[in-house]
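my_file.cif, holding mmCIF, C-alpha atoms:
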```cif
data_protein
#
loop_
_atom_site.label_atom_id
_atom_site.label_comp_id
_atom_site.auth_asym_id
_atom_site.auth_seq_id
_atom_site.Cartn_x
_atom_site.Cartn_y
_atom_site.Cartn_z
CA MET O 71 56.76 128.93 38.70
CA LYS O 72 59.74 128.14 36.51
CA VAL O 73 63.23 128.41 38.01
CA THR O 74 66.54 127.73 36.25
CA ILE O 75 69.61 126.68 38.27
CA ASP O 76 72.90 126.14 36.44
CA GLY O 77 71.00 125.80 33.18
CA GLN O 78 68.53 123.21 34.54
CA SER O 79 64.88 124.29 34.72
CA ILE O 80 62.21 123.03 37.10
CA GLU O 81 58.63 123.94 37.99
CA VAL O 82 58.15 124.74 41.70
CA GLU O 83 55.34 125.85 43.98
CA PRO O 84 55.18 129.41 45.36
CA GLY O 85 57.10 129.69 48.62
CA THR O 86 59.84 127.28 47.53
CA THR O 87 63.36 128.45 48.34
CA ILE O 88 66.26 128.26 45.90
CA LEU O 89 67.90 125.53 47.99
CA GLN O 90 64.74 123.43 47.98
CA ALA O 91 64.45 123.85 44.20
CA ALA O 92 68.10 122.85 43.77
CA ARG O 93 67.51 119.71 45.84
CA MET O 94 64.59 118.82 43.59
CA ILE O 95 66.98 119.00 40.62
CA GLY O 96 69.78 117.21 42.46
CA GLY O 97 73.36 116.71 41.32
CA GLU O 98 76.26 119.10 41.77
CA SER O 99 74.05 122.19 41.55
CA VAL O 100 72.80 121.63 45.11
CA PRO O 101 74.48 124.20 47.42
CA PRO O 102 76.06 122.89 50.64
CA ALA O 103 74.17 123.69 53.84
CA MET O 104 75.54 123.57 57.36
CA CYS O 105 72.73 125.31 59.29
CA TYR O 106 69.57 124.70 57.22
CA TYR O 107 67.51 121.66 58.27
CA SER O 108 64.24 120.98 56.51
CA LYS O 109 62.68 119.38 59.63
CA LEU O 110 63.41 122.42 61.84
CA LYS O 111 61.36 125.60 61.51
CA GLY O 112 63.40 128.80 61.30
CA SER O 113 66.67 127.11 60.41
CA GLY O 114 68.99 128.53 57.76
CA GLY O 115 70.65 131.84 56.96
CA LYS O 116 73.48 131.55 59.50
CA CYS O 117 76.42 129.66 57.99
CA ARG O 118 76.42 131.35 54.51
CA CYS O 119 77.64 128.14 52.87
CA CYS O 120 74.73 128.03 50.43
CA LEU O 121 75.39 131.36 48.73
CA VAL O 122 74.29 131.52 45.08
CA GLU O 123 74.32 134.14 42.34
CA VAL O 124 70.90 135.31 41.09
CA ALA O 125 71.59 136.32 37.49
CA LYS O 126 67.93 137.13 36.77
CA GLY O 127 65.47 138.12 39.47
CA SER O 128 62.27 137.18 37.66
CA GLU O 129 60.35 137.68 34.44
CA ALA O 130 58.70 140.79 35.91
CA ASP O 131 62.00 142.24 37.11
CA PRO O 132 64.92 140.64 35.22
CA ARG O 133 67.60 142.68 36.99
CA PRO O 134 70.27 140.52 38.69
CA MET O 135 70.66 140.71 42.44
CA PRO O 136 73.90 142.61 43.14
CA LYS O 137 74.97 140.46 46.10
CA LEU O 138 75.22 136.72 46.53
CA MET O 139 72.11 135.37 48.23
CA ALA O 140 71.67 132.66 50.85
CA SER O 141 69.70 130.06 48.90
CA CYS O 142 68.13 128.49 52.02
CA VAL O 143 66.13 131.65 52.85
CA THR O 144 65.68 133.23 49.40
CA GLY O 145 62.37 132.45 47.75
CA CYS O 146 62.02 131.52 44.09
CA MET O 147 60.36 133.84 41.59
CA ASP O 148 58.85 132.95 38.24
CA GLY O 149 61.56 133.10 35.57
CA MET O 150 64.42 133.36 38.09
CA GLU O 151 67.84 132.24 36.86
CA VAL O 152 70.42 131.14 39.43
CA ASN O 153 74.09 130.26 39.12
CA SER O 154 75.41 127.87 41.74
CA LYS O 155 78.50 125.80 41.06
CA SER O 156 78.86 127.29 37.57
CA SER O 157 79.67 130.74 39.02
CA GLU O 158 83.24 131.74 39.84
CA ARG O 159 81.93 134.29 42.39
CA VAL O 160 80.03 131.55 44.18
CA ARG O 161 83.04 129.22 44.29
CA GLU O 162 85.24 131.96 45.73
CA ALA O 163 82.59 132.85 48.32
CA ARG O 164 82.24 129.22 49.42
CA GLN O 165 86.00 128.91 49.74
CA SER O 166 86.03 132.04 51.93
CA VAL O 167 83.15 130.77 54.10
CA THR O 168 84.89 127.41 54.50
CA GLU O 169 88.10 129.13 55.53
CA PHE O 170 86.15 131.20 58.06
CA LEU O 171 84.42 128.14 59.56
CA LEU O 172 87.80 126.43 59.97
CA ILE O 173 89.41 129.39 61.78
CA ASN O 174 88.68 128.00 65.24
CA HIS O 175 88.00 124.41 64.25
CA PRO O 176 90.68 121.99 65.50
CA LEU O 177 92.20 119.25 63.37
CA ASP O 178 90.43 116.53 65.34
CA CYS O 179 89.43 114.39 62.37
CA PRO O 180 91.82 111.52 63.30
CA VAL O 181 90.13 111.16 66.71
CA CYS O 182 86.65 112.60 66.09
CA ASP O 183 83.66 110.22 66.08
CA GLN O 184 82.01 112.27 63.33
CA ALA O 185 84.81 111.57 60.85
CA GLY O 186 83.49 109.88 57.73
CA GLU O 187 80.02 111.43 57.94
CA CYS O 188 80.95 115.04 58.74
CA ASP O 189 79.42 117.82 56.63
CA LEU O 190 82.37 120.10 57.40
CA GLN O 191 84.76 117.44 56.13
CA ASP O 192 82.83 117.26 52.87
CA LEU O 193 82.77 121.05 52.61
CA SER O 194 86.48 121.48 53.26
CA PHE O 195 87.32 118.63 50.88
CA GLU O 196 85.53 120.43 48.05
CA HIS O 197 86.12 124.09 48.91
CA GLY O 198 88.90 124.12 51.51
CA LYS O 199 92.56 125.05 51.14
CA SER O 200 95.61 123.16 52.26
CA LYS O 201 97.03 126.23 54.04
CA THR O 202 95.60 128.72 56.50
CA ARG O 203 96.17 132.47 56.85
CA PHE O 204 95.00 132.47 60.46
CA ILE O 205 97.96 133.12 62.75
CA GLU O 206 96.08 134.08 65.94
CA GLU O 207 95.41 131.65 68.75
CA LYS O 208 92.31 129.49 68.36
CA ARG O 209 89.71 129.73 71.07
CA THR O 210 89.52 126.56 73.15
CA PHE O 211 87.04 124.96 75.54
CA GLU O 212 87.15 121.90 77.74
CA PRO O 213 84.83 119.00 76.80
CA GLU O 214 81.59 119.22 78.79
CA ASP O 215 79.09 116.53 79.71
CA ILE O 216 75.77 118.24 79.06
CA GLY O 217 73.78 115.06 79.61
CA PRO O 218 74.22 111.47 80.77
CA ASN O 219 74.86 110.30 77.20
CA ILE O 220 75.98 113.45 75.38
CA GLN O 221 79.36 115.17 75.43
CA LEU O 222 79.89 118.68 74.04
CA HIS O 223 83.16 119.61 72.31
CA MET O 224 82.72 123.34 71.88
CA ASN O 225 86.07 123.58 70.04
CA ARG O 226 84.42 121.91 67.04
CA CYS O 227 81.14 123.85 67.11
CA ILE O 228 80.31 126.16 64.18
CA LEU O 229 77.24 127.72 65.90
CA CYS O 230 74.66 126.46 63.42
CA TYR O 231 71.95 126.59 66.15
CA ARG O 232 70.45 123.26 65.05
CA CYS O 233 70.72 121.68 68.50
CA VAL O 234 69.03 124.70 70.08
CA MET O 235 66.14 124.47 67.60
CA VAL O 236 65.74 120.74 68.23
CA ALA O 237 65.42 121.39 71.95
CA ASP O 238 62.95 124.23 71.30
CA GLN O 239 60.73 122.32 68.91
CA LEU O 240 60.86 118.75 70.26
CA THR O 241 60.96 119.26 74.02
CA ASP O 242 58.96 121.21 76.58
CA GLU O 243 61.88 122.73 78.45
CA ARG O 244 65.10 123.77 76.74
CA VAL O 245 67.98 124.03 79.20
CA HIS O 246 70.81 124.89 76.82
CA GLY O 247 71.46 127.63 74.31
CA VAL O 248 73.99 130.14 72.99
CA MET O 249 75.83 131.93 75.77
CA ASP O 250 77.65 135.29 75.40
CA ARG O 251 77.98 137.23 72.15
CA GLY O 252 80.29 137.81 69.19
CA ASP O 253 83.41 135.68 69.08
CA HIS O 254 82.72 134.60 72.68
CA SER O 255 79.47 132.84 71.68
CA ASN O 256 79.28 129.22 72.76
CA ILE O 257 76.73 126.47 73.32
CA SER O 258 76.24 125.59 76.96
CA THR O 259 73.73 125.07 79.76
CA CYS O 260 72.94 128.13 81.88
CA ILE O 261 73.69 126.62 85.29
CA SER O 262 75.42 123.40 84.25
CA LYS O 263 72.07 121.64 84.34
CA ALA O 264 72.17 118.21 82.71
CA ILE O 265 70.05 117.75 79.61
CA ASP O 266 67.87 114.75 80.36
CA ASN O 267 64.72 115.10 78.24
CA GLU O 268 63.59 112.09 76.25
CA PHE O 269 64.49 113.51 72.82
CA SER O 270 67.85 115.13 73.66
CA GLY O 271 69.76 112.53 71.63
CA ASN O 272 68.45 114.07 68.42
CA MET O 273 70.91 116.91 69.05
CA ILE O 274 73.64 114.43 68.07
CA ASP O 275 71.92 113.55 64.79
CA VAL O 276 71.36 117.14 63.66
CA CYS O 277 74.87 118.36 64.53
CA PRO O 278 76.78 118.77 61.22
CA VAL O 279 80.18 118.42 62.93
CA GLY O 280 81.58 116.47 65.89
CA ALA O 281 80.61 118.99 68.56
CA LEU O 282 77.93 116.75 70.09
CA THR O 283 78.92 113.10 70.41
CA ASP O 284 77.28 109.93 71.68
CA LYS O 285 79.12 108.85 74.83
CA THR O 286 77.95 105.24 74.39
CA PHE O 287 79.74 105.10 71.01
CA ARG O 288 82.72 107.26 71.93
CA PHE O 289 86.00 105.94 70.46
CA LYS O 290 84.47 102.50 69.85
CA SER O 291 84.92 102.38 66.09
CA ARG O 292 85.14 104.35 62.88
CA VAL O 293 81.79 104.64 61.10
CA TRP O 294 83.14 103.00 57.94
CA PHE O 295 83.96 99.84 59.90
CA ASN O 296 80.30 99.48 60.89
CA LYS O 297 77.53 97.97 58.79
CA PRO O 298 74.36 100.10 58.88
CA TYR O 299 70.99 98.33 58.84
CA ASN O 300 67.45 99.69 58.85
CA ALA O 301 65.61 98.43 61.91
CA HIS O 302 62.47 99.17 63.88
CA ARG O 303 60.80 98.29 67.17
CA GLU O 304 57.47 98.94 68.85
CA CYS O 305 58.34 102.05 70.85
CA THR O 306 55.87 103.26 73.48
CA THR O 307 57.37 106.76 73.86
CA PRO O 308 54.93 109.38 72.51
CA GLY O 309 56.38 111.09 69.43
CA CYS O 310 58.96 108.40 68.64
CA CYS O 311 58.63 106.56 65.33
CA GLY O 312 60.76 103.58 66.39
CA LYS O 313 62.39 103.47 62.93
CA THR O 314 66.18 103.68 63.16
CA THR O 315 69.50 102.78 61.62
CA VAL O 316 71.53 100.36 63.73
CA TRP O 317 75.29 100.35 63.16
CA MET O 318 76.68 96.89 63.68
CA PHE O 319 80.17 95.49 64.08
CA GLY O 320 79.79 91.76 63.69
CA ASP O 321 76.83 90.79 65.89
CA GLU O 322 77.20 93.84 68.14
CA ILE O 323 75.12 97.02 67.79
CA GLN O 324 77.57 99.81 68.54
CA ARG O 325 75.23 102.74 68.03
CA VAL O 326 71.69 103.64 66.97
CA THR O 327 70.76 106.73 64.95
CA GLY O 328 67.76 108.12 63.15
CA ARG O 329 67.40 107.27 59.48
CA LYS O 330 69.04 109.98 57.40
CA ASP O 331 68.44 111.02 53.82
CA VAL O 332 70.92 111.98 51.12
CA TYR O 333 71.48 115.38 52.75
CA HIS O 334 72.21 113.90 56.21
CA GLU O 335 68.83 114.98 57.57
CA VAL O 336 66.87 112.56 59.74
CA GLU O 337 63.60 111.34 58.25
CA GLU O 338 61.92 111.03 61.66
CA PHE O 339 63.15 111.79 65.16
CA ILE O 340 63.65 109.02 67.72
CA CYS O 341 63.66 108.90 71.52
CA ASN O 342 66.58 108.32 73.87
CA GLU O 343 65.30 104.88 74.86
CA CYS O 344 65.65 103.63 71.28
CA ARG O 345 68.98 105.40 70.83
CA PHE O 346 70.83 104.53 74.04
CA ASP O 347 69.06 101.67 75.85
CA HIS O 348 68.55 99.04 73.16
CA LYS O 349 71.90 97.74 71.91
CA ASP O 350 70.83 94.10 71.77
CA PRO O 351 70.01 92.84 68.23
CA ALA O 352 67.14 90.84 69.75
CA ASP O 353 65.40 94.14 70.59
CA TRP O 354 65.11 95.08 66.92
CA VAL O 355 63.45 93.85 63.76
CA ILE O 356 66.28 94.13 61.21
CA GLU O 357 64.82 95.15 57.85
CA GLY O 358 67.99 94.96 55.77
CA PRO O 359 71.16 96.86 54.81
CA ARG O 360 70.89 100.63 54.69
CA GLU O 361 71.54 101.96 51.19
CA PHE O 362 73.35 105.27 50.82
CA ASP O 363 72.53 107.51 47.90
CA LYS O 364 75.37 109.93 48.51
CA ASP O 365 79.03 109.25 47.77
CA SER O 366 80.78 108.92 51.11
CA VAL O 367 83.48 107.05 52.95
CA ILE O 368 80.85 104.68 54.33
CA ASN O 369 79.52 103.85 50.88
CA GLN O 370 82.79 103.03 49.16
CA ASN O 371 82.85 99.38 48.05
CA ASN O 372 79.58 98.81 49.88
CA TYR O 373 78.08 95.44 49.10
CA THR O 374 74.76 97.09 48.16
CA GLN O 375 76.46 98.81 45.22
CA LYS O 376 76.74 97.20 41.82
CA LEU O 377 80.41 97.33 40.92
CA GLU O 378 81.54 96.52 37.40
CA THR O 379 84.68 94.48 36.77
CA VAL O 380 87.55 96.66 35.65
CA HIS O 381 89.36 95.41 32.53
CA ILE O 382 92.70 97.03 31.73
CA ALA O 383 93.61 96.84 28.05
CA THR O 384 97.42 96.92 28.01
CA GLU O 385 99.32 97.17 24.76
CA GLU O 386 101.43 94.11 23.94
CA GLY O 387 104.55 96.19 23.45
CA ILE O 388 104.44 97.45 27.03
CA LEU O 389 104.68 93.89 28.35
CA LYS O 390 107.76 92.96 26.31
CA GLY O 391 110.54 91.80 28.57
CA ARG O 392 108.26 91.24 31.56
CA ASP O 393 108.72 87.47 31.58
CA GLN O 394 112.48 87.95 31.63
CA ASP O 395 112.17 90.49 34.48
CA ARG O 396 110.09 88.07 36.52
CA LYS O 397 112.75 85.42 36.05
CA LYS O 398 115.38 87.80 37.34
CA ILE O 399 113.57 88.38 40.62
CA SER O 400 112.51 84.70 40.81
CA MET O 401 108.79 85.23 41.28
CA PRO O 402 106.79 82.11 42.19
CA ALA O 403 104.71 82.46 39.02
CA ILE O 404 107.75 81.46 36.92
CA PRO O 405 110.19 79.53 39.15
CA LEU O 406 113.74 79.08 37.99
CA ASP O 407 114.97 75.64 36.97
CA LYS O 408 118.18 74.23 38.44
CA GLU O 409 120.42 75.48 35.63
CA GLN O 410 118.98 78.98 35.91
CA GLU O 411 119.37 78.93 39.69
CA GLU O 412 123.10 78.22 39.33
CA ILE O 413 123.44 81.06 36.84
CA PHE O 414 121.38 83.33 39.10
CA LYS O 415 123.61 82.63 42.09
CA LYS O 416 126.63 83.61 40.05
CA GLY O 417 124.88 86.87 39.19
CA ASN O 418 124.96 86.43 35.42
CA LEU O 419 121.21 86.20 34.84
#
```
Please re-express this file's structure in structure tokens.
Amino acid sequence: MKVTIDGQSIEVEPGTTILQAARMIGGESVPPAMCYYSKLKGSGGKCRCCLVEVAKGSEADPRPMPKLMASCVTGCMDGMEVNSKSSERVREARQSVTEFLLINHPLDCPVCDQAGECDLQDLSFEHGKSKTRFIEEKRTFEPEDIGPNIQLHMNRCILCYRCVMVADQLTDERVHGVMDRGDHSNISTCISKAIDNEFSGNMIDVCPVGALTDKTFRFKSRVWFNKPYNAHRECTTPGCCGKTTVWMFGDEIQRVTGRKDVYHEVEEFICNECRFDHKDPADWVIEGPREFDKDSVINQNNYTQKLETVHIATEEGILKGRDQDRKKISMPAIPLDKEQEEIFKKGNL
């Protein structure tokens, strides 16, 4: 099937969603996604961040779809034409969705461990506004320890349901979920039962915001101060791949995460033993620096990038008088001689 997104065409298999097709094309046409996760069955359709405009339904039925569609759950049709970033309607809708997600979200970025790799930060940077129209009181929750190594900050949660799906699909017994309804909905454990299954740490990796944080890494460092390296070990836990990213500060491993792709989705899930119990570099086989494909705070000036030398061509006329100015402020590059120093002290230079 042939699908066109923002003027770029691609051939896809039947059953492919618009979001999946956009990711195959890549670039700025890819819609943002806060709830969809390719590794989790049934994810998507909740955050409405990935709305797109279907200008042509298909070759068989070329009528446009009257409403904006969630690209993560809308299947492609042969001959379909989609407008993503090129549509003014789509940009306005994404701005509105971003504003809605930020209604109850606190300004915790200066203290949040997710800062620098937060999907909501990226979304608000591109589609957010500097002012808010929300004048009501934000809903607030106290931080809750839902496991020995996981802390829940419900104030930051956007109810994407990813953590619930991870517990459903990776573990035998899920002990947390969405409590209450409507604007009272929140993630919690039913009877304050601690989450202690062997794959619970993956909830931290799939969370798009800073609602679920690693207590072993809490307030230790900013992610852009760490150097990420691909590493692996022979893990004996069934279902764990043992392939991770270790985040190092000097010779110290400050945290361990699953390896994530360009869309911040883990390639393979890892167990809690790899994540929390092995912080000694001797426990790992370090493969090399982790390369980031996506522009991010972590990747700026990264030594794995090839950076070209910047040459500034300045017109000669602009520099006229500079040498005299430097003499006046006595810069070390052109020190004053004794005669000039006497004149300078008198204030006549």
Exercise. For the file shown, report as an NGL selection string the outcome of the PyMOL selection byres ((chain O and resi 240) around 9) at residue level.
Key: :O and (235-239 or 241-242 or 269-270 or 309 or 339)
Exercise. Figure out the distance between CA of Ile228 (chain O) and CA of Trp294 (chain O), please, to one decimal in Å.
Key: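 Separation between CA of Trp294 (chain O) and CA of Ile228 (chain O): 24.2 Å.
Residues matched by the PyMOL selection byres ((chain O and resi 271) around 8) in this file are Asn219, Ile220, Glu268, Phe269, Ser270, Asn272, Met273, Ile274, Asp275, Asp284, Cys341, Asn342 and Arg345 of chain O.
Put simply, CA of Tyr299 (chain O) is 8.4 Å away from CA of Thr314 (chain O).
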For the structure provided, state which residues fall under the PyMOL selection byres ((chain O and resi 250-253) around 12), and present them as an mmCIF file with C-alpha atoms, keeping the file's coordinate frame.
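part_30.cif written:
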```
data_model
loop_
_atom_site.group_PDB
_atom_site.id
_atom_site.type_symbol
_atom_site.label_atom_id
_atom_site.label_comp_id
_atom_site.auth_asym_id
_atom_site.auth_seq_id
_atom_site.Cartn_x
_atom_site.Cartn_y
_atom_site.Cartn_z
ATOM 1 C CA ILE O 173 89.410 129.390 61.780
ATOM 2 C CA ASN O 174 88.680 128.000 65.240
ATOM 3 C CA LYS O 208 92.310 129.490 68.360
ATOM 4 C CA ARG O 209 89.710 129.730 71.070
ATOM 5 C CA THR O 210 89.520 126.560 73.150
ATOM 6 C CA ILE O 228 80.310 126.160 64.180
ATOM 7 C CA LEU O 229 77.240 127.720 65.900
ATOM 8 C CA GLY O 247 71.460 127.630 74.310
ATOM 9 C CA VAL O 248 73.990 130.140 72.990
ATOM 10 C CA MET O 249 75.830 131.930 75.770
ATOM 11 C CA HIS O 254 82.720 134.600 72.680
ATOM 12 C CA SER O 255 79.470 132.840 71.680
ATOM 13 C CA ASN O 256 79.280 129.220 72.760
ATOM 14 C CA ILE O 257 76.730 126.470 73.320
ATOM 15 C CA SER O 258 76.240 125.590 76.960
ATOM 16 C CA THR O 259 73.730 125.070 79.760
ATOM 17 C CA CYS O 260 72.940 128.130 81.880
#
```
Self-check item: One-decimal distance in Å that lies between CA of Tyr107 (chain O) and CA of Ile265 (chain O)
Solution: 21.8 Å
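Among the candidate residues O:Gln90, O:Gln324, O:Thr315, O:Gln410, the one lying nearest to Glu337 (chain O) is O:Thr315, with distances computed using only C-alpha atoms.
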Quiz item: Which of these, O:Lys155, O:Arg244, O:Arg288, O:Arg93, has the shortest distance to Asp76 (chain O) once you count all atoms listed in the file?
Solution: O:Lys155
If we count all atoms listed in the file, what is near Ala103 (chain O) at a cut-off of 12 Å, once residues fewer than 6 positions away on the same chain are taken out, given as a compact mmCIF listing (two decimals) with C-alpha atoms, in the coordinates of the input?
```
# COMPACT_ATOMS: atom_id res chain seq x y z
CA LEU O 89 67.90 125.53 47.99
CA GLN O 90 64.74 123.43 47.98
CA ALA O 92 68.10 122.85 43.77
CA ARG O 93 67.51 119.71 45.84
CA SER O 113 66.67 127.11 60.41
CA GLY O 114 68.99 128.53 57.76
CA GLY O 115 70.65 131.84 56.96
CA LYS O 116 73.48 131.55 59.50
CA CYS O 117 76.42 129.66 57.99
CA ARG O 118 76.42 131.35 54.51
CA CYS O 119 77.64 128.14 52.87
CA CYS O 120 74.73 128.03 50.43
CA LEU O 121 75.39 131.36 48.73
CA VAL O 122 74.29 131.52 45.08
CA ALA O 140 71.67 132.66 50.85
CA SER O 141 69.70 130.06 48.90
CA CYS O 142 68.13 128.49 52.02
CA VAL O 143 66.13 131.65 52.85
CA ARG O 164 82.24 129.22 49.42
CA VAL O 167 83.15 130.77 54.10
CA THR O 168 84.89 127.41 54.50
CA ASP O 189 79.42 117.82 56.63
CA LEU O 190 82.37 120.10 57.40
CA ASP O 192 82.83 117.26 52.87
CA LEU O 193 82.77 121.05 52.61
CA CYS O 230 74.66 126.46 63.42
CA ARG O 232 70.45 123.26 65.05
CA CYS O 277 74.87 118.36 64.53
CA PRO O 278 76.78 118.77 61.22
CA TYR O 333 71.48 115.38 52.75
CA HIS O 334 72.21 113.90 56.21
CA GLU O 335 68.83 114.98 57.57
```
For Pro84 (chain O), work out the shell of residues within 8 Å, counting all atoms listed in the file and skipping chain neighbours fewer than 6 positions away, then give it as a tab-separated table (two decimals) with C-alpha atoms, in the frame of the given file.
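Heads up, here's the output in part_34.tsv:
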```tsv
chain	number	residue	atom	x	y	z
O	71	MET	CA	56.76	128.93	38.70
O	146	CYS	CA	62.02	131.52	44.09
O	147	MET	CA	60.36	133.84	41.59
```
Quiz item: Counting only C-alpha atoms, which of O:Pro102, O:Gly96, O:Pro218, O:Pro359 gets nearest to His197 (chain O)?
Solution: O:Pro102
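Among O:Glu123, O:Asp266, O:Asp215, O:Asp350, the residue with the shortest atom-to-atom distance to Ala163 (chain O), counting all atoms listed in the file, is O:Glu123.
Remark: for Thr202 (chain O), the closest of the candidate residues O:Glu338, O:Glu343, O:Glu169, O:Glu411 is O:Glu169 (distances computed over all atoms listed in the file).
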Quiz item: Taking only C-alpha atoms into account, which of O:Arg226, O:Arg133, O:Arg203, O:Lys109 comes nearest Cys188 (chain O)?
Solution: O:Arg226
Practice problem: Tell me, as an MDAnalysis selection string, which residues lie within 6 Å of Leu282 (chain O), counting all atoms listed in the file; anything in the same chain fewer than 2 positions away does not count. | Solution: chainID O and resid 221:222 274 280
Writer output for current selection, C-alpha atoms, as a compact mmCIF listing (two decimals), keeping the file's coordinate frame:
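Saved to part.txt:
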```txt
# COMPACT_ATOMS: atom_id res chain seq x y z
CA GLN O 221 79.36 115.17 75.43
CA LEU O 222 79.89 118.68 74.04
CA ILE O 274 73.64 114.43 68.07
CA GLY O 280 81.58 116.47 65.89
```
